[in-house]
Each structure stands twice: as structure tokens, then as C-alpha cells.
file run_21.txt (compact mmCIF, C-alpha atoms)
# COMPACT_ATOMS: atom_id res chain seq x y z
CA MET A 1 0.00 0.00 0.00
CA GLU A 2 2.98 2.33 0.32
CA ASP A 3 2.93 3.75 -3.21
CA ILE A 4 -0.21 2.23 -4.70
CA ALA A 5 -2.31 5.33 -4.08
CA GLN A 6 0.07 7.50 -6.07
CA TYR A 7 -0.46 5.29 -9.12
CA LEU A 8 -4.18 4.57 -8.85
CA ILE A 9 -5.49 7.97 -7.72
CA PRO A 10 -5.43 10.23 -10.80
CA GLU A 11 -2.64 12.79 -10.65
CA PHE A 12 -4.91 15.69 -11.58
CA LEU A 13 -6.76 15.19 -8.31
CA PHE A 14 -3.62 16.00 -6.34
CA ASN A 15 -1.77 18.63 -8.36
CA GLY A 16 -1.85 22.26 -7.35
CA GLU A 17 -3.92 23.44 -10.31
CA PHE A 18 -7.13 21.47 -9.83
CA PHE A 19 -8.43 23.94 -7.25
CA SER A 20 -7.52 27.56 -6.68
CA LEU A 21 -7.01 27.06 -2.93
CA GLN A 22 -3.25 27.36 -2.76
CA SER A 23 -2.43 28.52 0.76
CA SER A 24 -0.71 25.92 2.92
CA GLU A 25 -3.37 26.11 5.63
CA ASN A 26 -5.98 24.98 3.10
CA HIS A 27 -4.04 21.92 1.88
CA GLY A 28 -5.96 19.58 4.17
CA LEU A 29 -9.26 20.97 2.91
CA TYR A 30 -8.69 20.63 -0.80
CA ASN A 31 -6.78 17.37 -0.48
CA ALA A 32 -9.72 15.95 1.46
CA LEU A 33 -12.11 17.20 -1.22
CA ARG A 34 -10.00 15.62 -3.96
CA GLY A 35 -9.69 12.36 -2.05
CA THR A 36 -13.44 12.10 -1.47
CA LEU A 37 -14.16 13.03 -5.09
CA PHE A 38 -12.03 10.02 -5.95
CA THR A 39 -13.98 7.75 -3.58
CA TRP A 40 -17.25 9.06 -5.02
CA GLY A 41 -15.92 8.41 -8.53
CA LEU A 42 -15.27 4.75 -7.71
CA THR A 43 -18.80 4.47 -6.30
CA ALA A 44 -20.08 5.77 -9.65
CA LEU A 45 -17.79 3.37 -11.50
CA GLY A 46 -19.26 0.45 -9.56
CA ALA A 47 -22.78 1.70 -10.25
CA ALA A 48 -21.95 1.87 -13.96
CA CYS A 49 -21.63 -1.92 -14.03
CA VAL A 50 -25.42 -1.90 -14.25
CA LEU A 51 -24.91 -1.37 -17.99
CA PHE A 52 -24.09 -5.07 -18.25
CA ILE A 53 -27.08 -6.33 -16.22
CA PRO A 54 -29.96 -7.88 -18.22
CA ALA A 55 -33.54 -6.69 -17.98
CA SER A 56 -35.68 -7.04 -14.87
CA ASN A 57 -35.92 -10.55 -13.48
CA ARG A 58 -37.07 -11.82 -10.08
CA ALA A 59 -34.17 -14.27 -9.63
CA ILE A 60 -31.61 -11.61 -10.59
CA LEU A 61 -33.27 -9.17 -8.20
CA ASP A 62 -33.07 -11.59 -5.27
CA ALA A 63 -29.48 -12.57 -6.11
CA SER A 64 -28.49 -8.89 -6.28
CA LEU A 65 -30.31 -8.14 -3.03
CA GLY A 66 -28.34 -10.98 -1.47
CA PHE A 67 -25.09 -9.60 -2.91
CA SER A 68 -25.95 -6.18 -1.49
CA GLY A 69 -26.68 -7.77 1.88
CA GLY A 70 -23.36 -9.62 1.89
CA VAL A 71 -21.46 -6.43 1.01
CA MET A 72 -23.21 -4.55 3.81
CA LEU A 73 -22.69 -7.28 6.41
CA ALA A 74 -18.96 -7.47 5.67
CA ALA A 75 -18.62 -3.68 5.55
CA SER A 76 -20.50 -3.42 8.84
CA TYR A 77 -17.71 -5.24 10.63
CA TRP A 78 -14.44 -4.57 8.77
CA SER A 79 -15.17 -1.02 7.61
CA LEU A 80 -17.28 0.20 10.51
CA LEU A 81 -17.46 -1.79 13.75
CA ALA A 82 -13.79 -2.80 13.99
CA PRO A 83 -12.55 0.82 13.50
CA ALA A 84 -15.26 2.07 15.87
CA LEU A 85 -14.10 -0.30 18.62
CA THR A 86 -10.48 0.78 18.04
CA LEU A 87 -11.45 4.45 18.32
CA SER A 88 -13.37 3.77 21.53
CA VAL A 89 -10.30 2.15 23.08
CA GLU A 90 -8.13 5.09 22.01
CA GLN A 91 -10.60 7.49 23.62
CA GLY A 92 -10.19 5.73 26.97
CA TRP A 93 -13.22 3.45 27.13
CA GLY A 94 -11.02 0.41 27.68
CA LYS A 95 -13.04 -2.74 28.42
CA LEU A 96 -16.22 -0.67 28.04
CA SER A 97 -15.40 0.22 24.44
CA CYS A 98 -18.49 -1.71 23.38
CA VAL A 99 -20.75 0.86 25.10
CA PRO A 100 -20.51 3.77 22.60
CA VAL A 101 -20.43 1.27 19.74
CA SER A 102 -23.60 -0.41 21.00
CA ILE A 103 -25.28 2.97 21.34
CA GLY A 104 -24.38 3.76 17.74
CA LEU A 105 -25.70 0.39 16.57
CA ILE A 106 -29.04 0.91 18.31
CA LEU A 107 -29.37 4.46 16.99
CA GLY A 108 -28.57 3.33 13.44
CA ALA A 109 -31.07 0.49 13.50
CA GLY A 110 -33.68 2.79 15.05
CA PHE A 111 -33.06 5.39 12.35
CA VAL A 112 -33.78 2.91 9.56
CA TYR A 113 -36.80 1.54 11.41
CA LEU A 114 -38.28 5.03 11.69
CA ALA A 115 -37.38 5.75 8.07
CA ASP A 116 -39.34 2.64 7.11
CA VAL A 117 -42.34 3.83 9.13
CA PHE A 118 -42.37 7.41 7.85
CA LEU A 119 -40.81 7.01 4.39
CA PRO A 120 -43.21 8.54 1.84
CA LEU A 121 -43.76 6.52 -1.32
CA SER A 122 -43.99 8.78 -4.36
CA SER A 123 -45.36 7.42 -7.62
CA SER A 124 -42.38 9.06 -9.35
CA ILE A 125 -40.03 6.38 -7.96
CA VAL A 126 -42.12 3.41 -9.06
CA PRO A 127 -40.36 1.40 -11.82
CA THR A 128 -42.12 1.19 -15.15
CA ASP A 129 -41.55 -2.56 -15.37
CA PRO A 130 -41.89 -3.95 -11.84
CA VAL A 131 -40.89 -7.60 -11.56
CA THR A 132 -43.56 -8.24 -8.97
CA THR A 133 -46.13 -8.29 -11.75
CA THR A 134 -47.05 -11.96 -12.06
CA LYS A 135 -49.07 -13.83 -14.66
CA ALA A 136 -51.97 -14.00 -12.25
CA ASN A 137 -51.90 -10.22 -11.85
CA ARG A 138 -51.83 -9.67 -15.60
CA GLN A 139 -54.75 -11.95 -16.41
CA LEU A 140 -58.23 -10.47 -16.41
CA SER A 141 -60.54 -12.02 -13.89
CA THR A 142 -64.16 -12.79 -14.63
CA SER A 143 -64.97 -11.51 -11.20
CA ASN A 144 -64.46 -7.77 -10.73
CA SER A 145 -64.08 -8.14 -6.97
CA GLU A 146 -61.44 -10.84 -7.40
CA HIS A 147 -59.62 -8.68 -9.94
CA ARG A 148 -59.61 -5.69 -7.59
CA SER A 149 -58.38 -7.89 -4.76
CA ARG A 150 -55.46 -9.12 -6.84
CA ASP A 151 -54.64 -5.59 -7.94
CA MET A 152 -54.57 -4.42 -4.33
CA LEU A 153 -52.33 -7.34 -3.35
CA HIS A 154 -49.98 -6.59 -6.24
CA ASP A 155 -49.84 -2.91 -5.30
CA ARG A 156 -48.93 -3.79 -1.71
CA HIS A 157 -46.15 -6.13 -2.88
CA LEU A 158 -44.82 -3.45 -5.24
CA GLN A 159 -44.85 -0.76 -2.57
CA ARG A 160 -43.08 -3.04 -0.10
CA GLN A 161 -40.40 -3.87 -2.67
CA ILE A 162 -39.81 -0.22 -3.57
CA ARG A 163 -39.69 0.77 0.09
CA ARG A 164 -37.01 -1.85 0.76
CA LEU A 165 -34.96 -0.66 -2.20
CA MET A 166 -35.17 2.91 -0.88
CA LEU A 167 -34.03 1.69 2.55
CA LEU A 168 -31.09 -0.03 0.83
CA ILE A 169 -30.10 3.31 -0.72
CA ILE A 170 -30.48 5.07 2.62
CA ALA A 171 -28.33 2.48 4.42
CA ILE A 172 -25.50 2.66 1.87
CA THR A 173 -25.61 6.47 1.90
CA VAL A 174 -25.55 6.59 5.71
CA HIS A 175 -22.58 4.21 5.61
CA ASN A 176 -20.68 6.48 3.18
CA PHE A 177 -20.99 9.56 5.38
CA PRO A 178 -18.64 8.45 8.21
CA GLU A 179 -16.24 7.09 5.60
CA GLY A 180 -16.07 10.59 4.10
CA LEU A 181 -15.51 11.96 7.60
CA ALA A 182 -12.65 9.50 8.06
CA VAL A 183 -10.96 10.67 4.85
CA GLY A 184 -11.33 14.29 5.94
CA VAL A 185 -9.89 13.58 9.38
CA GLY A 186 -7.04 11.66 7.72
CA TYR A 187 -5.98 14.61 5.59
CA ALA A 188 -6.48 17.10 8.40
CA SER A 189 -4.18 14.97 10.59
CA VAL A 190 -1.25 15.04 8.15
CA GLY A 191 1.80 16.47 9.89
CA LYS A 192 0.87 15.08 13.29
CA PRO A 193 3.22 12.46 14.79
CA GLY A 194 3.12 9.28 12.73
CA VAL A 195 0.72 10.63 10.07
CA THR A 196 1.99 11.36 6.54
CA ILE A 197 0.28 12.46 3.35
CA GLN A 198 0.87 8.95 1.99
CA ASP A 199 -1.16 7.54 4.88
CA ALA A 200 -4.05 9.84 3.95
CA HIS A 201 -3.75 8.87 0.26
CA ASN A 202 -3.80 5.19 1.19
CA LEU A 203 -6.90 5.69 3.33
CA ALA A 204 -8.70 7.41 0.44
CA LEU A 205 -7.62 4.63 -1.92
CA GLY A 206 -8.80 1.89 0.43
CA ILE A 207 -12.20 3.48 1.00
CA GLY A 208 -12.55 4.20 -2.72
CA LEU A 209 -11.92 0.61 -3.75
CA GLN A 210 -14.37 -0.59 -1.11
CA ASN A 211 -16.95 1.80 -2.58
CA PHE A 212 -16.84 0.06 -5.97
CA PRO A 213 -18.97 -2.96 -4.94
CA GLU A 214 -21.20 -0.65 -2.90
CA GLY A 215 -22.17 1.33 -5.99
CA LEU A 216 -22.83 -1.99 -7.69
CA ALA A 217 -24.87 -3.15 -4.68
CA VAL A 218 -27.28 -0.25 -5.16
CA SER A 219 -27.62 -0.06 -8.94
CA VAL A 220 -28.02 -3.76 -9.75
CA PRO A 221 -31.08 -4.44 -7.53
CA LEU A 222 -32.73 -1.31 -8.93
CA LYS A 223 -32.15 -2.43 -12.52
CA ALA A 224 -33.36 -5.94 -11.70
CA ALA A 225 -36.48 -4.46 -10.10
CA GLY A 226 -37.46 -2.74 -13.32
CA TYR A 227 -35.82 0.68 -13.13
CA SER A 228 -34.15 2.00 -16.28
CA THR A 229 -30.39 1.66 -16.61
CA PHE A 230 -29.94 5.41 -16.22
CA GLU A 231 -32.15 5.58 -13.10
CA ALA A 232 -30.30 2.65 -11.52
CA PHE A 233 -26.92 4.25 -12.24
CA LEU A 234 -28.11 7.63 -10.97
CA TRP A 235 -29.24 6.22 -7.62
CA GLY A 236 -26.11 4.07 -7.36
CA GLN A 237 -23.65 6.93 -7.78
CA ALA A 238 -25.78 9.25 -5.66
CA SER A 239 -25.15 7.06 -2.63
CA GLY A 240 -21.53 8.25 -2.69
CA MET A 241 -22.25 11.96 -3.14
CA VAL A 242 -22.22 12.53 0.61
CA GLU A 243 -18.53 11.65 0.90
CA PRO A 244 -17.10 14.98 -0.41
CA ILE A 245 -19.46 16.87 1.91
CA ALA A 246 -18.45 14.68 4.85
CA GLY A 247 -14.76 15.00 3.92
CA ILE A 248 -14.89 18.78 4.12
CA LEU A 249 -16.74 18.56 7.43
CA GLY A 250 -14.07 16.16 8.71
CA VAL A 251 -11.35 18.74 8.01
CA VAL A 252 -13.20 21.78 9.32
CA CYS A 253 -14.35 20.09 12.53
CA VAL A 254 -11.51 17.58 12.89
CA THR A 255 -11.32 17.57 16.71
CA MET A 256 -15.06 17.26 17.29
CA VAL A 257 -15.51 14.78 14.44
CA HIS A 258 -12.75 12.55 15.78
CA GLN A 259 -14.59 12.33 19.10
CA VAL A 260 -17.88 11.20 17.53
CA LEU A 261 -16.47 9.23 14.60
CA GLY A 262 -16.71 5.91 16.46
CA VAL A 263 -20.41 6.40 17.17
CA ALA A 264 -20.98 7.55 13.58
CA LEU A 265 -19.30 4.40 12.24
CA SER A 266 -21.35 2.11 14.47
CA PHE A 267 -24.51 4.09 13.62
CA ALA A 268 -23.92 3.27 9.94
CA ALA A 269 -23.28 -0.38 10.82
CA GLY A 270 -26.55 -0.59 12.74
CA ALA A 271 -28.44 0.89 9.79
CA MET A 272 -26.92 -1.59 7.35
CA ILE A 273 -27.42 -4.66 9.54
CA TRP A 274 -31.06 -3.76 10.15
CA VAL A 275 -31.76 -3.36 6.43
CA VAL A 276 -30.21 -6.75 5.63
CA VAL A 277 -31.96 -8.68 8.40
CA ALA A 278 -35.33 -6.94 8.46
CA ASP A 279 -35.79 -6.14 4.77
CA LEU A 280 -33.52 -7.72 2.16
CA ILE A 281 -33.64 -11.33 3.37
CA PRO A 282 -37.42 -11.33 4.05
CA GLU A 283 -38.00 -9.80 0.60
CA SER A 284 -36.31 -12.72 -1.17
CA ALA A 285 -37.90 -15.27 1.15
CA HIS A 286 -41.33 -13.95 0.18
CA TYR A 287 -40.74 -15.17 -3.38
CA ASN A 288 -39.14 -18.50 -2.32
CA ASN A 289 -35.72 -17.42 -3.58
CA ILE A 290 -33.96 -17.63 -0.23
CA LYS A 291 -31.24 -19.99 -1.59
CA ILE A 292 -30.51 -17.61 -4.46
CA CYS A 293 -30.37 -14.74 -1.98
CA GLY A 294 -28.15 -16.78 0.35
CA THR A 295 -25.70 -17.45 -2.47
CA GLY A 296 -25.63 -13.75 -3.27
CA ILE A 297 -24.97 -12.93 0.38
CA MET A 298 -21.97 -15.28 0.49
CA VAL A 299 -20.52 -13.85 -2.74
CA GLY A 300 -21.02 -10.25 -1.60
CA PHE A 301 -19.60 -10.97 1.84
CA ILE A 302 -16.47 -12.62 0.42
CA VAL A 303 -15.90 -9.80 -2.09
CA MET A 304 -16.19 -7.08 0.54
CA MET A 305 -14.23 -9.03 3.17
CA SER A 306 -11.42 -9.59 0.68
CA LEU A 307 -11.24 -5.91 -0.22
CA ASP A 308 -11.40 -4.76 3.39
CA THR A 309 -8.71 -7.14 4.64
CA ALA A 310 -6.43 -6.68 1.61
CA LEU A 311 -6.56 -2.90 1.89
CA GLY A 312 -6.20 -2.86 5.65
call {"tool": "encode", "arguments": {"input": "run_21.txt", "output": "C-alpha cells"}}
result
Amino acid sequence: MEDIAQYLIPEFLFNGEFFSLQSSENHGLYNALRGTLFTWGLTALGAACVLFIPASNRAILDASLGFSGGVMLAASYWSLLAPALTLSVEQGWGKLSCVPVSIGLILGAGFVYLADVFLPLSSSIVPTDPVTTTKANRQLSTSNSEHRSRDMLHDRHLQRQIRRLMLLIIAITVHNFPEGLAVGVGYASVGKPGVTIQDAHNLALGIGLQNFPEGLAVSVPLKAAGYSTFEAFLWGQASGMVEPIAGILGVVCVTMVHQVLGVALSFAAGAMIWVVVADLIPESAHYNNIKICGTGIMVGFIVMMSLDTALG
């Protein structure tokens, strides 16, 4: 990892001409912005893989939901909970380091639960080709009451599916925010004992490469659910847009952010774990595709675990 970042992060992101902020006291700010623009770019690159995904299909949807769940479960530990526990120890919690982390987990899960309760469902986010439309729903019934009953059941299934996809987007976005904070804190800490600019570059590189499957984890389920390729890509890359904002905040409020970063990381982990357990797995089980979803979970978990452990 010593020099990898210098080769993989585009040079134009780190030369002195990309931004007009040239004073030395602003180096942490614009370096953090450049680093988080890079991590956002890799999220968008992962989301762009949706171009190669075939049209909407229930099995593909459940496999991609499983993949997304595996990515989030692995990221919850290696990218979020493990660093949060380390930060808690460094802040003096010692054997009670699990306390702030547990608080963050509960708050994150509670946040997604409340989002599920109060999340408005606009007709503008309904896919034009929902895969929940079954042959039985498409056939005309000789009984008007039976037909209306089936239509109502179909609408409820569709709304539940869309709501779960929106919660998936929320969970990934919430997860990206503390990662952006971490990049900002990393660049703001350059010059302190034991912290070099190369360390900050490596952190941005590691988070960026981890973001690639996360962009994929958002866009593919949306495409499989019937959204257009452009809509799926747009939502996928949008999940990483918070990182530049969080990176700037991490630099500006470095001391305060460092104190709450552990809780923020565990908050994101709680949100992601709740979505996987309470929404993604039940969604696939409803259509008897739990084995397909389980396979996707294992693949996603291994991919994210490999990236997290390889990049440190």
C-alpha cells in the first residue's frame, strides 16, 4: 500500500492546479475534497456496471439483493465496527469500548426503522416494469371483486419492494458519510506524529476501492427491479455523493468529528445490519428465492471481506 495510491489515484486530483485554494493552511481541505471526489468516482464506476445487467428478473433481483446484503454485512464489521471499537479504546473506554459502539448500533437500527415507518412513497419512484407483476396479476378475472383484490395485493407487494430498495439506498448512503468523515480527518491529521500524506492517500484509496462494490450493490437491484439503466446508475452513484461533503466537514471540525467518529461508524453499521436482516432477506424469502439470496450474500460478503482485509 505504500505507493499504490500514487499510481491509482489520478494525478490531476492531487496537483496544485485542480483547485484555486493554494495557501498551505488549506491543503488539508482541498486534499480531502479531492480524495473524497475520488472515492465518489469509484462508487459511480461500480454503479456503472449496471450497464451489463440484463432486464428485470425476479431471480436476478433476489441474487443482487443478497449480494448487497453480503457487502453490507462485511462492511458493517471490517469497515465500521472494527474501526469504531479501536477508536473507543483510544478514547479511553477500555473494556467498556463496546458501550458507545452499541449505542451507535441501536441508533442506526432505530433510524432505519423510523425511516421505514415514515418514508413517503412517491409514484415518481415506481419502476415502469416492476418484476412483482405476475401472470396472475396480468390476467383479467371474470370476477371484478377478485380482480380488484389481486390488484390491491400486487400494489402492496410493489410498494413493499420499492420501500425496501429505498431503505437499501439510505443504508449505503448513511454508511458512506462516516467514511467521508474518516478521509477528511485523515488529511487534516497530516503532519501530526506518525501521520503522513501517503497515509491519507492510502486511506482514500482503500475506501474508494471498497466503494466500488457498494455502488454496484445499489444499482443492480434497482435495474433488476425494473428501473431503467440510467435511473439505476443515478441512484447508485448518488449514494456516494455525501462523501465529499463529509470529507470537508471532517477537516473543518476535525477535533469534534474525531470524538464522535466511532459512534458515527457504528450508527452506519446498525443501519446496514437492520436493512439486511429486516428487509432484504425477508423480501427474497417472500418469493421463495432464499437460496438464491443466500448465495448472493456469500458472494457479496467474500468480495467485501477480501477488499477490506487486503486494503487494511
call {"tool": "closest_residue", "arguments": {"input": "run_21.txt", "among": "A:Ala32, A:Leu216, A:Val99, A:Ala63", "to": "A:Thr295", "atoms": "only C-alpha atoms"}}
result
A:Ala63
call {"tool": "residues_around", "arguments": {"input": "run_21.txt", "residues": "A:Thr229", "least_positions_apart": "4", "cutoff": "8 Å", "atoms": "all atoms listed in the file", "output": "VMD selection string"}}
result
chain A and resid 50 to 51 223 233
call {"tool": "atom_distance", "arguments": {"input": "run_21.txt", "atom1": "atom CA of A:Ser284", "atom2": "atom CA of A:Ala269"}}
result
21.6 Å
call {"tool": "residues_near_point", "arguments": {"input": "run_21.txt", "point": "(-26.1, 2.0, -2.9)", "cutoff": "7 Å", "atoms": "all atoms listed in the file", "output": "ChimeraX atom specification"}}
result
/A:168-169,172-173,214-215,217-219,236,239
call {"tool": "atom_distance", "arguments": {"input": "run_21.txt", "atom1": "atom CA of A:Ile170", "atom2": "atom CA of A:Ser306"}}
result
24.1 Å
call {"tool": "closest_residue", "arguments": {"input": "run_21.txt", "among": "A:Leu234, A:Leu167, A:Val252, A:Ile60", "to": "A:Val185", "atoms": "all atoms listed in the file"}}
result
A:Val252
call {"tool": "closest_residue", "arguments": {"input": "run_21.txt", "among": "A:Ser79, A:Gln210, A:Ser64, A:Ser88", "to": "A:His258", "atoms": "only C-alpha atoms"}}
result
A:Ser88
call {"tool": "residues_near_point", "arguments": {"input": "run_21.txt", "point": "(-13.9, 2.0, 14.5)", "cutoff": "9 Å", "atoms": "all atoms listed in the file", "output": "PyMOL selection string"}}
result
chain A and resi 78-88+101+261-263+265-266
call {"tool": "atom_distance", "arguments": {"input": "run_21.txt", "atom1": "atom CA of A:Leu107", "atom2": "atom CA of A:Ala271"}}
result
8.1 Å
call {"tool": "residues_around", "arguments": {"input": "run_21.txt", "residues": "A:Phe111", "least_positions_apart": "2", "cutoff": "10 Å", "atoms": "all atoms listed in the file", "output": "VMD selection string"}}
result
chain A and resid 105 to 109 113 to 117 171 267 to 268 270 to 271 274
call {"tool": "closest_residue", "arguments": {"input": "run_21.txt", "among": "A:Gly69, A:Gly247, A:Gly184, A:Gly92", "to": "A:Val277", "atoms": "only C-alpha atoms"}}
result
A:Gly69
call {"tool": "closest_residue", "arguments": {"input": "run_21.txt", "among": "A:Ile302, A:Val183, A:Val112, A:Ile53", "to": "A:Thr36", "atoms": "only C-alpha atoms"}}
result
A:Val183
call {"tool": "closest_residue", "arguments": {"input": "run_21.txt", "among": "A:Ala59, A:Asn176, A:Gly296, A:Ser97", "to": "A:Asn211", "atoms": "all atoms listed in the file"}}
result
A:Asn176
call {"tool": "residues_around", "arguments": {"input": "run_21.txt", "residues": "A:Gly250", "least_positions_apart": "5", "cutoff": "10 Å", "atoms": "all atoms listed in the file", "output": "PyMOL selection string"}}
result
chain A and resi 28-29+32+178-188+244-245+255-258+261
call {"tool": "residues_around", "arguments": {"input": "run_21.txt", "residues": "A:Trp40", "least_positions_apart": "3", "cutoff": "6 Å", "atoms": "only C-alpha atoms", "output": "PDB file with C-alpha atoms, in the frame of the given file"}}
result
ATOM      1  CA  LEU A  37     -14.160  13.030  -5.090  1.00  0.00           C
ATOM      2  CA  THR A  43     -18.800   4.470  -6.300  1.00  0.00           C
ATOM      3  CA  GLY A 240     -21.530   8.250  -2.690  1.00  0.00           C
TER       4      GLY A 240
END
call {"tool": "axis_aligned_box", "arguments": {"input": "run_21.txt", "around": "stretch 217-235 of chain A", "padding_each_side": "5 Å", "output": "lines of an AutoDock Vina configuration file"}}
result
center_x = -31.2
center_y = 0.8
center_z = -10.6
size_x = 22.6
size_y = 23.6
size_z = 21.9
